[in-house]
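Novice: Encoded as structure tokens, here's the structure I'll be asking about.
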Amino acid sequence: MIDYAYAFAFSCFAAALLMNLWKILMAHEITDRILALDTMFINAIAMVVLFGVLLGSEIFFEAALIMAMLGFISTVAYARFLLRGNIIE
Amino acid sequence: MSLFLIAALPFLGALFPALLIRAGRNASASSAALASGLAFVGLMLHAPAILRGETVQVGIDWLPVLGLHANFFLDGLGFLFATMILGIGLLIILYARFYLSRQDPMGQFYTYLLLFQGAMVGIVLSDNILLLLVFWELTSLSSFLLIGYWKHLPEGRQGARMALTVTGMGGLAMIGGMLILGNIAGSYDISVILQHKDAIQSSDLYLPALILILIGAFTKSAQFPFHFWLPHAMAAPTPVSAYLHSATMVKAGLFLMARLWPVLAGTPEWFYIVTTTGLITMVIGAVIALFKDDLKALLAFSTVSHLGLITMLLGFGTKAAAIGAVFHIINHATFKAALFMTAGIVDHEAHTRDIKRLGGLRHLMPVTFVIATVAALSMAGIPPLNGFLSKEMMLEEASHTYWLQNPYVVPALACFAAAFSAAYSFRYIAHVFLGPKRDDYPAKPHDPGFGMWASPALLVTLVVLIGLFSAKMVGPLVDAAAGAVTQSHPHAHLKLWHGVTPALYMSGIAVGGGVLLLALHAGLERIWTALPRPEAKVIFDRLTGALTERSAAITARLHDGSLTRYALIMVTFTLVISLFAYGTGTIGAPTRDLQDVGLLPLVGWICLIVATACIVLFHRQRFIALILIGIIGLIVSLAFNFLSAPDLALTQISVEVVTIILMLLALNFLPKQTPAESPVPARMRDGAISILCGLGVGGLIYALMLRDFAVPSISEFHLANAYKGGGGTNVVNVILVDFRGFDTFGEIIVLGIAALVIFALTEAVLSTRVRAYLLNREPDMPQAGDSHPGLMVVVTRMMMPVALMVAAYIFFRGHNLPGGGFIAGLIAAIAVIMQYMASGFGWATERQRIPYHGIIGSGVLIAAATGLGAWFSGQPFLTSAFGYVHLPPLEEFELATAALFDLGVFLAVVGAVMLALESLSRFAWQPGIPTEHAMDINPARDTAAQDPKEA
Amino acid sequence: MKLLNRFLPHPLLTLMLTVIWLLLVNRFSLNSLVFGFFLGLLIPVITQPYWPNRPKLKKPLKLISYTLLVFWDIIVANVTVARIVLFMPNSKRRPAWVEIPLDIRTPEAIAMLGGTITMTPGTLTADISAQGRSLLVHCLHAPDTDEIRDEIKTRYEARLKEIFG
Amino acid sequence: MNHLLIAPIVLPALVAPFIIMTLRYHIDLQRIFSVASTVLLVAIALVLAVQAADGTVQIYELGDWQAPFGIVLVLDRLSAMMVLLTTLLALAVNLYAVGSKWDERGHNFHALYQFQLMGILGAFLTGDAFNLFVFFEVLLIASYGLMIHGGGTRRFQAGVQYVVYNLLGSTLFLFALGTIYAVTGTLNMADLAVQVAALPAEDSALIRVGAVMLLLVFAIKASLLPLHFWLPASYAHAPAPVAALFAIMTKVGAYAILRMYTLVFGPDVAVVEGLVGDWLLPAALLTVAVGAIGVLGSKEIGRLMSFGAITSVGTLLTAIALFTPEAAAAALYYSVHSTLAAAALFLIADMVRERQGGAIAAHPVMAQSGLISVLFFVAAIATAGMPPLSGFLGKLLILDAARDDPHAVWVWGVILVSSLITIMGFARAGTLIFWKSHGLDTSDTLAEPEIEVTGADQDAAPVPARPAALPFVATFALLAGLVALTVFAGPMTRYTAATAQDLFAPGAYIDTVLANRDRPVTESDHESAGYGTAAHGDGSGHGADDATTTEESH
Amino acid sequence: MIIDILIAGFVAVGGLFGFVGSFGLLKLNDPMSRMHAPTKATTLGVGGVLIGSMLHAWAYEGHISAHELLITLFLLVTAPVTANFLAKVFINQQTKPDDLPGPSACSLWATHDKPEHHRTSEQPTDT
Amino acid sequence: MELLVASAVGLLTAAGIYLILRRRTFPVILGTSLLSYAVNVFLFATGRLITNAPPILNKYADVPYTDPLPQALVLTAIVISFGMTAVVVMVALGAYLSAKSDRINMDETASADGEDA
Ligand code: NA
Ligand code: NA
């Protein structure tokens, strides 16, 4: 049962990733593209964590942590660029 | 005196005139004369031995690997030439002292002259053909300086370049010929080569060697069709012409032919090439000389003609002809040098060399007239002067020479040329000195001082004496020299009267013809002027001009500054060569199985592929391309995680974000769109090349992944010893800080340099007018009002300590688990960048206590110091040490120098990333922006500000 | 007390960082505690210039109950949002902008409120007024905007005002 | 272990950060440290050269890890010679930079300069292929900084091209290294030699691709046609001392070709049979030709010098492409010559540019015209390969070495004809620049040399007032080097011949480097059980649990 | 067994929310609304997975694992900032001051507070 | 799996090269970025592919490890290419600001003229 749960969750996140990709490519609004990339980061974090759980390994934790931090920074950077042109002023 | 010293004296002497010119012109000239004179004396000390038929040899190894030895030898031939070079050289030095004007830099002149003299002496004394080549080319170079001595004259520059080009070309051809010759003979030493006549003449390479060497000799001696440079070299001051074109440089070619005569001459190839060339040159030179109005041009073409004469004699290949050649070399040197000097005197006094503007000078310049007349008559072949003697010998030899079985061609043409020779000689006397005195000379001519006419006077004295007492005067010298040429012991029968021989008839015809030609000169000149004939200089100029133009065009076309093209060529070339390498090898069967594809990799792959394809499609919208790059970074990082490379995943994603920040900072100033510029065919071509490259690279890695290592990888050692020898369980980290710590050391230096470069560049750009442009720049997108939103500021403030904690965690665990100094450094840097982004550049910079330069420097120094620490325990650089410490009540923990090294990495990374981003940010920074507050909107501050007011 | 202040200038932050360190290493041990505490002392010193005028919490303990409340609301919020996303047709949905006038003044408190709003049912903090006296909130589905404004003000802002004073 | 071996790398690596940290605002102190460091480097290089002269190969195992598992530096005759050459060049150029005040025209010159030296010296000393990549990158990135030192539009534009082109090269380097590692499982050059020689000839395609890509990387650095396009603009627009130092950069490429293609992919290694023979020599000859044509066709003195450098490097590569000990010996001799000559040319070009701008055309007579023209003349004849200087001897050696090659006619023809064209080009330029000026009106331009800012120097920092004698001293020193190279051609060629012999019989090199490969790793006092199982991706663990793994694996 | 059900439940619910978040991004029809879905649902999705991971560690690895909390905390703290920024981008690019309910009659939202949008005769006083 | 990785490397390479052949600095920089992804993955893959075998030594179990060396090399390569990218971005920006054009090709023929053949 637990394996089905993992498989289900993986499929959900995989689908989510593909939907994010679709949105990044097809969105009309630039905000949607950035949002989708941000979401992609978060979905990726979920996948990394899931993968760690599945393998019973802790070595993926840092990756997830850092992705959380860096996904945020890059999203802010993209958004700031659109807001002010200048991301550090 | 050692031959070394004789050869070296002119070169040593060359130093002094340029230095002593400050002490006066006489000092300068005297120093030059002293050097020449000493060398001449030294040479004369060898005279008795040489005239006895002995040779003197000295030598040291210079470049033994090549067979280039600094070997000198002195035999009759060398002695003859050295005597002329040094003797006439002395006279020229004297003459030039009075010829050159006050405006001319005399020191330079004598320096160049002595350099040239040294090179010439070197040629004639060399016992090694490679050494000879060295001196040979040196004469080209030094004569280039001499001919171009009057820098302000375009003719001087052009003449010098022409001489250099033609003789340089000959010299280069000769290098080829000499190398072949040396290889056939097995040595480059002339004395050895001369022993190998049969080997050389029977070699397959004889003809190429002969042709190449002869090109060298012919160009130097101005033989047809390379004769055209010589008249243009007359732009040089007259002493130069007198020296180079009577006794020395042009004779170098003759010397070479004479020198190699024993091994090269005697074959039909030699005969037809050399004789024919000489004959043609003799005729053409003589004819042209008659119609030249410039005195020096007349003499120049006469020189061409006489060089042809000697060449022809050498070409005959008989001993008697060789003797004649040697004798004429002597005679020509004496009368021609004297003639050049008189021409120089005329020019100097009358301020013109144009025959048409001269005449009647005999009344004004009696001394010069006498000297010139004697020398010219000798050139015309009038007895009893020395020119007559050798010309007789030439005619004699010519009279029984068959050319393609024809007995008349050579004698007839020789006689024809001799007639023209007599004619231009007579013209030199008649049209310059004879006739009525004129009143339209450009200046008022009169005989110069003794200093100036002493040299030619001495020479014409020789002309007369040799003519009268040839056997006594030069008999032994001619014998010795001819002996050297023919490798035998000939005895030259030098005397005025040989009886009534065909040569005497021919001489008579020639002199008579000469008088007739002079009489008909005006008419002939009209015909000559009317004749269409190729002007060598025009052709040469057109050729070199075209060559230069073509070169410029080719160069500009090839290197047009189009990186696009350069890159395309590079990529294509790499592709082609790699395919060639693959195609010429064979590939074995795969040894590994494919692995299954799960859902996750597939989804990741789709994302990656689609994003990459879309970057290409949408790359013109730059911002969107950057977002897509973000996807690729993310997926690659996920792939690294999935494929057992957690460290890589961490590094990739961190670097990714910093890169994107960097690009966004730059994109702010760049255009936001890329225009569509390349035409569709170019895009298709680029696409095709790119796809081929992609296929190649993909195919390569696919093939590699399906095969095992040929032998197990060295990384097995790393896995086996990471813990035991490196003290860490994260093998990748142990490799980075220990097994291959040196790579990492280089890597942080790269990063540090990158930051320094960026900093320096920022400074460079901002110190120009770009600064003003940036200050006045209007943003090209609508800007939001709020530049530092409070929510962001608060969150980043809270996150900063946490992020640093995470950085510390990543740093310390790196040795055993994924992480390490590099990633930690990036995270720490990002923690600071967050402050910059949220609170503003000015605000964050003010809070930065330690300069980033210092952080980079300390990082590199700490890493280096850690490496150097090992020296104190006698270990190599970067040897790590680690130990386990147990401090109750704490548990045991590890201390490793690798951590210190990693600290260096950490600091370098933090410093480098921050310095780079800070520098980039400065582009946008406007000095007016207030920096005391991080947040634009802060109601607490407003309230606080209002409260005291209300109170 | 002075001495303590000298060696422990930011007790709360130090505590938080020590806990974070323990969370990071994920294994409790004396070494970790000692080392985490050491870093917890060190790092605030480094970061101090970047956080001037750090607010004093009036009732720090109330922060815990507030956090728990928000956690619960987040879960509820997500169920709500999931329902709307999955089952409500776009035509029936009533997105709306709401202005939330602010009584709190501290930037930290405003940020916390803004964050809370974003993470809780159907609302998202979009902007702040130029003087920082009100928040602009976007609602995913808001048939009645007043109700939302009142709930935010009573449920969250009032509590934050208590905490930050 | 002889720590002097690593000193040429560590010394600049310490001095540069020290300068950055503490001397950023003290140009005079920077100069003192930079020059002192360079002098010290010369001294170290001299000692190393003496140590290597008898043919002993020394190694330096970094981190005390035995080759091939760790990185190792190797000092043999070849590396010692290149190190000495580099340091001597660096000293002269450094003096020029100080004397001409070029170092003041931007930031961080001396730090970058030291880093540049570190990269170059490291590249010559390392015995590890990947470490070579790292040092290439160090020298490249420092060169990027130096190349755009002082700024200016043209220099930036040329800089972008230079960087991008070299980024492509670096990428190719990694592809090559990856391929080579994937086939052989090792990165140490000596170990590669052993492994590549043992590869089965019937499975050669992949290593061939790796080998040839590596060659192309080095060919880019060496500026072999058609991979030379980065050079003209970069050298022409780089600051003069930088361009002069760059003279050694092409030699790094040539060195790497010579090293890798004698040691690892030597002429008698079966799997790389016929890999480069067919195209390297023609490409090298084309390089000579294009360079010579460029010399004749240049209208700017910097470009003239750049193409002169290309001709030299083409000649050098021609000799290398013959792959015989004689030719290699000639190549080594010629490389020393061409480095000094090219550097001198760039410095002289700078003197001209400073005084009258870069156009090859008549200008009013410049200050010190006579002295500069003498320098130009000497450097030009050296570059063109005219006697009596080392260029001539070098060319003779190369021509002589080529005589038994089937393509000897081509080699001779191209080199000789190109020499002629080069001579014509230099003569044309020299007469225009130095002589024609005497025909112009020189009434009021003698006192104050007119500085015409062209091309590279637009909107750059203003040119400082006329410097002292130091630039001339530096240039003289380089030319004196050429003279010494000529006079001591005998000993020098004995050294290069011995070096070439070593290269073509690399047994001693390989044995020395791999001597310690079976040395066991000293156990630390900690438990070590349970580690060390390797599985290269196939999931089935094999290999032993401890240090014995290494003994089995090779 | 119960722990398995719990783990499975959290993981599955996490997956579901992850899906919902991204689906919302596609389905919702105005840009502002689209920002709601990922901010909340996706964050919770990750939260679910993280709780599953903690439980898994406790049940199978035999130790209490709490570092997942950190990631959750991170996401919770950063999500509002992300949303805020994107909303500001939307406001900046797609709206004029009059499209939004004003903060008061005579003031502006911070994003609109730029020179060209200042209303005439405005006096910057808030409520 | 190998095919996925190989095709991804191939596509990244192709895209990178295509962009490098564009005429403005920005796409060229994008191209170098893509190319560096390609080469990093390429280099990584030379250690062959394997999941769940990170080269972190495990005291307690005899588990397989992937080849750590290429990972270390890629790490170095990533860092270096980051430094290079930073520099090229900066130089390109400097060139753009100085020349007001971000064309990557420069006109080398527009140099000073000489004469006197
Ligand atoms: Na060690
Ligand atoms: Na979010």
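By order of appearance in the structure tokens: chains A, B, ..., then residues from 1 within every chain, and ligands from 1 in the order shown.
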Tell me, as a PyMOL selection string, which residues lie within 8 Å of segment 6-9 of chain A, counting only C-alpha atoms; anything in the same chain fewer than 6 positions away does not count.

Specialist: (chain A and resi 50+54) or (chain E and resi 8+11-16)

Novice: Output the selection as a compact mmCIF listing (two decimals), in the first residue's frame - all heavy atoms for each residue.

Specialist:
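Output file part04.txt is given in full below:
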```
# COMPACT_ATOMS: atom_id res chain seq x y z
N LEU A 50 10.68 12.88 -1.62
CA LEU A 50 10.05 11.57 -1.85
C LEU A 50 11.09 10.53 -2.23
O LEU A 50 11.07 9.39 -1.74
CB LEU A 50 9.04 11.69 -2.98
CG LEU A 50 7.58 11.88 -2.63
CD1 LEU A 50 6.78 11.90 -3.91
CD2 LEU A 50 7.10 10.78 -1.71
N LEU A 54 11.96 7.13 -0.37
CA LEU A 54 11.88 5.86 -1.08
C LEU A 54 13.18 5.08 -0.94
O LEU A 54 13.18 3.86 -0.74
CB LEU A 54 11.64 6.16 -2.56
CG LEU A 54 11.20 4.99 -3.44
CD1 LEU A 54 9.82 4.54 -3.02
CD2 LEU A 54 11.18 5.41 -4.89
N ALA E 8 1.55 6.57 4.19
CA ALA E 8 0.93 6.53 2.86
C ALA E 8 -0.04 7.68 2.72
O ALA E 8 -0.09 8.35 1.68
CB ALA E 8 0.22 5.19 2.66
N VAL E 11 1.80 11.03 2.35
CA VAL E 11 2.47 11.11 1.05
C VAL E 11 1.44 11.30 -0.07
O VAL E 11 1.60 12.15 -0.95
CB VAL E 11 3.32 9.85 0.82
CG1 VAL E 11 3.77 9.76 -0.63
CG2 VAL E 11 4.53 9.87 1.74
N ALA E 12 0.37 10.53 0.00
CA ALA E 12 -0.63 10.61 -1.06
C ALA E 12 -1.31 11.97 -1.05
O ALA E 12 -1.49 12.60 -2.10
CB ALA E 12 -1.66 9.50 -0.87
N VAL E 13 -1.67 12.43 0.14
CA VAL E 13 -2.32 13.74 0.22
C VAL E 13 -1.35 14.82 -0.27
O VAL E 13 -1.74 15.74 -1.01
CB VAL E 13 -2.77 14.02 1.67
CG1 VAL E 13 -3.19 15.48 1.83
CG2 VAL E 13 -3.93 13.12 2.02
N GLY E 14 -0.08 14.66 0.12
CA GLY E 14 0.93 15.60 -0.36
C GLY E 14 0.96 15.62 -1.88
O GLY E 14 0.93 16.69 -2.51
N GLY E 15 0.97 14.46 -2.45
CA GLY E 15 0.98 14.36 -3.91
C GLY E 15 -0.24 15.04 -4.51
O GLY E 15 -0.14 15.79 -5.48
N LEU E 16 -1.37 14.79 -3.90
CA LEU E 16 -2.61 15.37 -4.40
C LEU E 16 -2.54 16.90 -4.38
O LEU E 16 -2.88 17.55 -5.37
CB LEU E 16 -3.79 14.88 -3.54
CG LEU E 16 -5.17 15.28 -4.07
CD1 LEU E 16 -5.43 14.57 -5.38
CD2 LEU E 16 -6.24 14.93 -3.05
```

Novice: Fewer than 5 positions away in the same chain doesn't count, so skip those; otherwise give me all residues within 10 Å of Thr586 of chain B, counting only C-alpha atoms, as an MDAnalysis selection string.

Specialist: (chainID B and resid 581) or (chainID D and resid 201:206 208 271)

Novice: Any chance you could export the current selection's C-alpha atoms as a tab-separated table (two decimals), in the first residue's frame?

Specialist:
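Done, and the output landed in part14.tsv:
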```tsv
chain	number	residue	atom	x	y	z
B	581	ALA	CA	39.33	10.32	-36.09
D	201	ALA	CA	43.85	-1.65	-31.52
D	202	GLU	CA	40.48	-3.02	-32.61
D	203	ASP	CA	38.67	-0.72	-30.17
D	204	SER	CA	40.32	2.53	-31.05
D	205	ALA	CA	37.60	4.84	-32.32
D	206	LEU	CA	36.65	6.47	-29.03
D	208	ARG	CA	40.99	8.53	-31.15
D	271	VAL	CA	45.39	3.16	-31.47
```

Novice: Can you pull out every residue with an atom within 6 Å of ligand 1? Use only C-alpha atoms and all ligand atoms and format it as a count of residues only.

Specialist: 6

Novice: Set the distance at 12 Å and use only C-alpha atoms: which residues neighbour Val374 of chain D once local chain neighbours fewer than 3 positions away are removed? I'd like the list as a PyMOL selection string.

Specialist: (chain B and resi 108+112+145) or (chain D and resi 345+348+368-371+377-381+430-431+434-435+472+475-476+479)

Novice: For the selection you just gave me, I'd like the residues written to a file as a PDB file, in the first residue's frame, keeping N, CA and C atoms.

Specialist:
```pdb
ATOM      1  N   GLN B 108      75.934  57.082 -38.421  1.00  0.00           N
ATOM      2  CA  GLN B 108      75.112  55.976 -38.926  1.00  0.00           C
ATOM      3  C   GLN B 108      75.701  55.391 -40.198  1.00  0.00           C
ATOM      4  N   TYR B 112      76.722  51.518 -40.689  1.00  0.00           N
ATOM      5  CA  TYR B 112      76.124  50.644 -41.691  1.00  0.00           C
ATOM      6  C   TYR B 112      77.196  50.096 -42.634  1.00  0.00           C
ATOM      7  N   LEU B 145      70.002  49.010 -45.366  1.00  0.00           N
ATOM      8  CA  LEU B 145      70.173  50.235 -44.574  1.00  0.00           C
ATOM      9  C   LEU B 145      70.952  51.284 -45.342  1.00  0.00           C
TER      10      LEU B 145
ATOM     11  N   LEU D 345      58.703  42.358 -30.270  1.00  0.00           N
ATOM     12  CA  LEU D 345      57.943  43.056 -31.303  1.00  0.00           C
ATOM     13  C   LEU D 345      56.756  43.810 -30.706  1.00  0.00           C
ATOM     14  N   ILE D 348      57.899  46.846 -28.892  1.00  0.00           N
ATOM     15  CA  ILE D 348      58.316  47.896 -29.819  1.00  0.00           C
ATOM     16  C   ILE D 348      57.095  48.537 -30.469  1.00  0.00           C
ATOM     17  N   GLN D 368      62.767  59.506 -29.953  1.00  0.00           N
ATOM     18  CA  GLN D 368      63.606  58.302 -29.915  1.00  0.00           C
ATOM     19  C   GLN D 368      63.432  57.423 -31.160  1.00  0.00           C
ATOM     20  N   SER D 369      63.119  58.077 -32.289  1.00  0.00           N
ATOM     21  CA  SER D 369      62.865  57.312 -33.506  1.00  0.00           C
ATOM     22  C   SER D 369      64.041  56.409 -33.850  1.00  0.00           C
ATOM     23  N   GLY D 370      65.248  56.930 -33.713  1.00  0.00           N
ATOM     24  CA  GLY D 370      66.415  56.154 -34.108  1.00  0.00           C
ATOM     25  C   GLY D 370      66.548  54.891 -33.289  1.00  0.00           C
ATOM     26  N   LEU D 371      66.442  55.047 -31.985  1.00  0.00           N
ATOM     27  CA  LEU D 371      66.595  53.916 -31.089  1.00  0.00           C
ATOM     28  C   LEU D 371      65.514  52.876 -31.349  1.00  0.00           C
ATOM     29  N   PHE D 377      64.221  47.017 -36.175  1.00  0.00           N
ATOM     30  CA  PHE D 377      64.982  46.331 -37.212  1.00  0.00           C
ATOM     31  C   PHE D 377      65.468  44.977 -36.696  1.00  0.00           C
ATOM     32  N   VAL D 378      66.036  45.006 -35.499  1.00  0.00           N
ATOM     33  CA  VAL D 378      66.569  43.758 -34.938  1.00  0.00           C
ATOM     34  C   VAL D 378      65.451  42.749 -34.710  1.00  0.00           C
ATOM     35  N   ALA D 379      64.376  43.218 -34.097  1.00  0.00           N
ATOM     36  CA  ALA D 379      63.279  42.293 -33.807  1.00  0.00           C
ATOM     37  C   ALA D 379      62.658  41.758 -35.091  1.00  0.00           C
ATOM     38  N   ALA D 380      62.577  42.627 -36.088  1.00  0.00           N
ATOM     39  CA  ALA D 380      61.961  42.208 -37.351  1.00  0.00           C
ATOM     40  C   ALA D 380      62.816  41.155 -38.050  1.00  0.00           C
ATOM     41  N   ILE D 381      64.122  41.372 -38.073  1.00  0.00           N
ATOM     42  CA  ILE D 381      64.926  40.353 -38.771  1.00  0.00           C
ATOM     43  C   ILE D 381      64.924  39.051 -37.987  1.00  0.00           C
ATOM     44  N   GLY D 430      58.486  49.000 -41.725  1.00  0.00           N
ATOM     45  CA  GLY D 430      59.587  49.732 -41.115  1.00  0.00           C
ATOM     46  C   GLY D 430      59.920  50.985 -41.898  1.00  0.00           C
ATOM     47  N   THR D 431      59.965  50.875 -43.224  1.00  0.00           N
ATOM     48  CA  THR D 431      60.315  52.057 -43.999  1.00  0.00           C
ATOM     49  C   THR D 431      59.229  53.121 -43.882  1.00  0.00           C
ATOM     50  N   PHE D 434      59.387  54.412 -39.946  1.00  0.00           N
ATOM     51  CA  PHE D 434      60.598  55.065 -39.454  1.00  0.00           C
ATOM     52  C   PHE D 434      61.269  55.966 -40.474  1.00  0.00           C
ATOM     53  N   TRP D 435      61.126  55.654 -41.745  1.00  0.00           N
ATOM     54  CA  TRP D 435      61.851  56.405 -42.747  1.00  0.00           C
ATOM     55  C   TRP D 435      61.016  57.481 -43.397  1.00  0.00           C
ATOM     56  N   PHE D 472      62.904  50.646 -22.534  1.00  0.00           N
ATOM     57  CA  PHE D 472      63.982  50.306 -23.464  1.00  0.00           C
ATOM     58  C   PHE D 472      64.853  49.196 -22.895  1.00  0.00           C
ATOM     59  N   THR D 475      63.070  45.970 -23.432  1.00  0.00           N
ATOM     60  CA  THR D 475      63.103  45.521 -24.817  1.00  0.00           C
ATOM     61  C   THR D 475      64.507  45.057 -25.204  1.00  0.00           C
ATOM     62  N   PHE D 476      65.492  45.843 -24.772  1.00  0.00           N
ATOM     63  CA  PHE D 476      66.876  45.433 -25.034  1.00  0.00           C
ATOM     64  C   PHE D 476      67.145  44.051 -24.446  1.00  0.00           C
ATOM     65  N   LEU D 479      65.893  41.406 -26.672  1.00  0.00           N
ATOM     66  CA  LEU D 479      66.715  41.248 -27.863  1.00  0.00           C
ATOM     67  C   LEU D 479      68.074  40.652 -27.495  1.00  0.00           C
TER      68      LEU D 479
END
```

Novice: Using only C-alpha atoms and all ligand atoms, what are the residues with an atom within 12 Å of ligand 2, set out as a PyMOL selection string?

Specialist: (chain A and resi 34-43+68-69+71-73+75-76) or (chain C and resi 115+118-119+124) or (chain E and resi 18+21-22+34-46+72-87)

Novice: Can you write out the residues you just picked, keeping C-alpha atoms, as a compact mmCIF listing (two decimals), in the first residue's frame?

Specialist:
```txt
# COMPACT_ATOMS: atom_id res chain seq x y z
CA ILE A 34 7.83 32.95 -13.14
CA LEU A 35 5.16 31.50 -10.92
CA ALA A 36 5.28 28.25 -12.81
CA LEU A 37 9.05 28.07 -12.46
CA ASP A 38 8.74 28.73 -8.76
CA THR A 39 6.15 26.00 -8.49
CA MET A 40 8.40 23.73 -10.44
CA PHE A 41 11.10 24.29 -7.86
CA ILE A 42 8.71 23.39 -5.06
CA ASN A 43 7.46 20.31 -6.86
CA ALA A 68 13.83 25.78 -1.20
CA MET A 69 16.15 28.64 -0.44
CA GLY A 71 14.15 28.72 -5.71
CA PHE A 72 12.92 31.60 -3.64
CA ILE A 73 15.88 33.79 -4.45
CA THR A 75 11.97 33.84 -8.23
CA VAL A 76 12.46 37.09 -6.39
CA GLY C 115 2.54 36.34 5.25
CA THR C 118 -1.12 34.85 1.92
CA MET C 119 -0.96 31.44 3.52
CA LEU C 124 -3.04 36.79 -0.95
CA GLY E 18 1.06 19.15 -5.32
CA GLY E 21 -1.36 23.49 -7.01
CA SER E 22 -0.04 23.05 -10.50
CA ARG E 34 -3.47 31.72 -10.45
CA MET E 35 -1.06 32.93 -7.81
CA HIS E 36 -3.18 31.40 -5.08
CA ALA E 37 -2.94 27.83 -6.15
CA PRO E 38 0.79 27.14 -6.07
CA THR E 39 1.45 29.36 -3.07
CA LYS E 40 -0.84 27.39 -0.89
CA ALA E 41 -1.53 23.98 -2.34
CA THR E 42 1.95 23.19 -3.53
CA THR E 43 3.45 24.27 -0.25
CA LEU E 44 1.10 22.03 1.61
CA GLY E 45 1.85 19.24 -0.83
CA VAL E 46 5.49 19.42 0.03
CA THR E 72 8.55 23.43 5.62
CA LEU E 73 9.43 26.52 7.56
CA PHE E 74 11.43 27.86 4.68
CA LEU E 75 8.61 27.37 2.26
CA LEU E 76 6.10 28.94 4.59
CA VAL E 77 8.24 31.96 5.13
CA THR E 78 9.19 32.50 1.52
CA ALA E 79 5.90 31.74 -0.21
CA PRO E 80 4.28 35.04 0.80
CA VAL E 81 7.24 37.00 -0.48
CA THR E 82 7.11 35.22 -3.80
CA ALA E 83 3.40 35.83 -4.07
CA ASN E 84 3.82 39.44 -3.05
CA PHE E 85 6.43 40.07 -5.68
CA LEU E 86 4.47 38.42 -8.43
CA ALA E 87 1.40 40.33 -7.44
```

Novice: Write out as a list in words which residues come within 7 Å of Phe44 of chain F when counting only C-alpha atoms, dropping same-chain ones fewer than 4 positions away.

Specialist: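 Neighbouring residues, sequence-local ones excluded: Asn40, Pro70, Gln71 and Val74 of chain F.
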
Novice: Given the selection you just returned, output its residues as a file containing N, CA, C and O atoms, formatted as a compact mmCIF listing (two decimals), in the first residue's frame.

Specialist:
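The new file out.txt reads:
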```txt
# COMPACT_ATOMS: atom_id res chain seq x y z
N ASN F 40 29.19 19.47 -18.68
CA ASN F 40 29.19 18.97 -17.31
C ASN F 40 28.50 17.61 -17.23
O ASN F 40 29.00 16.69 -16.58
N PRO F 70 34.67 11.53 -11.62
CA PRO F 70 34.04 12.49 -12.54
C PRO F 70 33.22 13.53 -11.80
O PRO F 70 33.16 14.69 -12.22
N GLN F 71 32.64 13.14 -10.69
CA GLN F 71 31.86 14.13 -9.94
C GLN F 71 32.77 15.26 -9.45
O GLN F 71 32.41 16.43 -9.52
N VAL F 74 33.60 17.37 -12.37
CA VAL F 74 32.49 18.23 -12.79
C VAL F 74 32.34 19.40 -11.84
O VAL F 74 32.09 20.53 -12.25
```
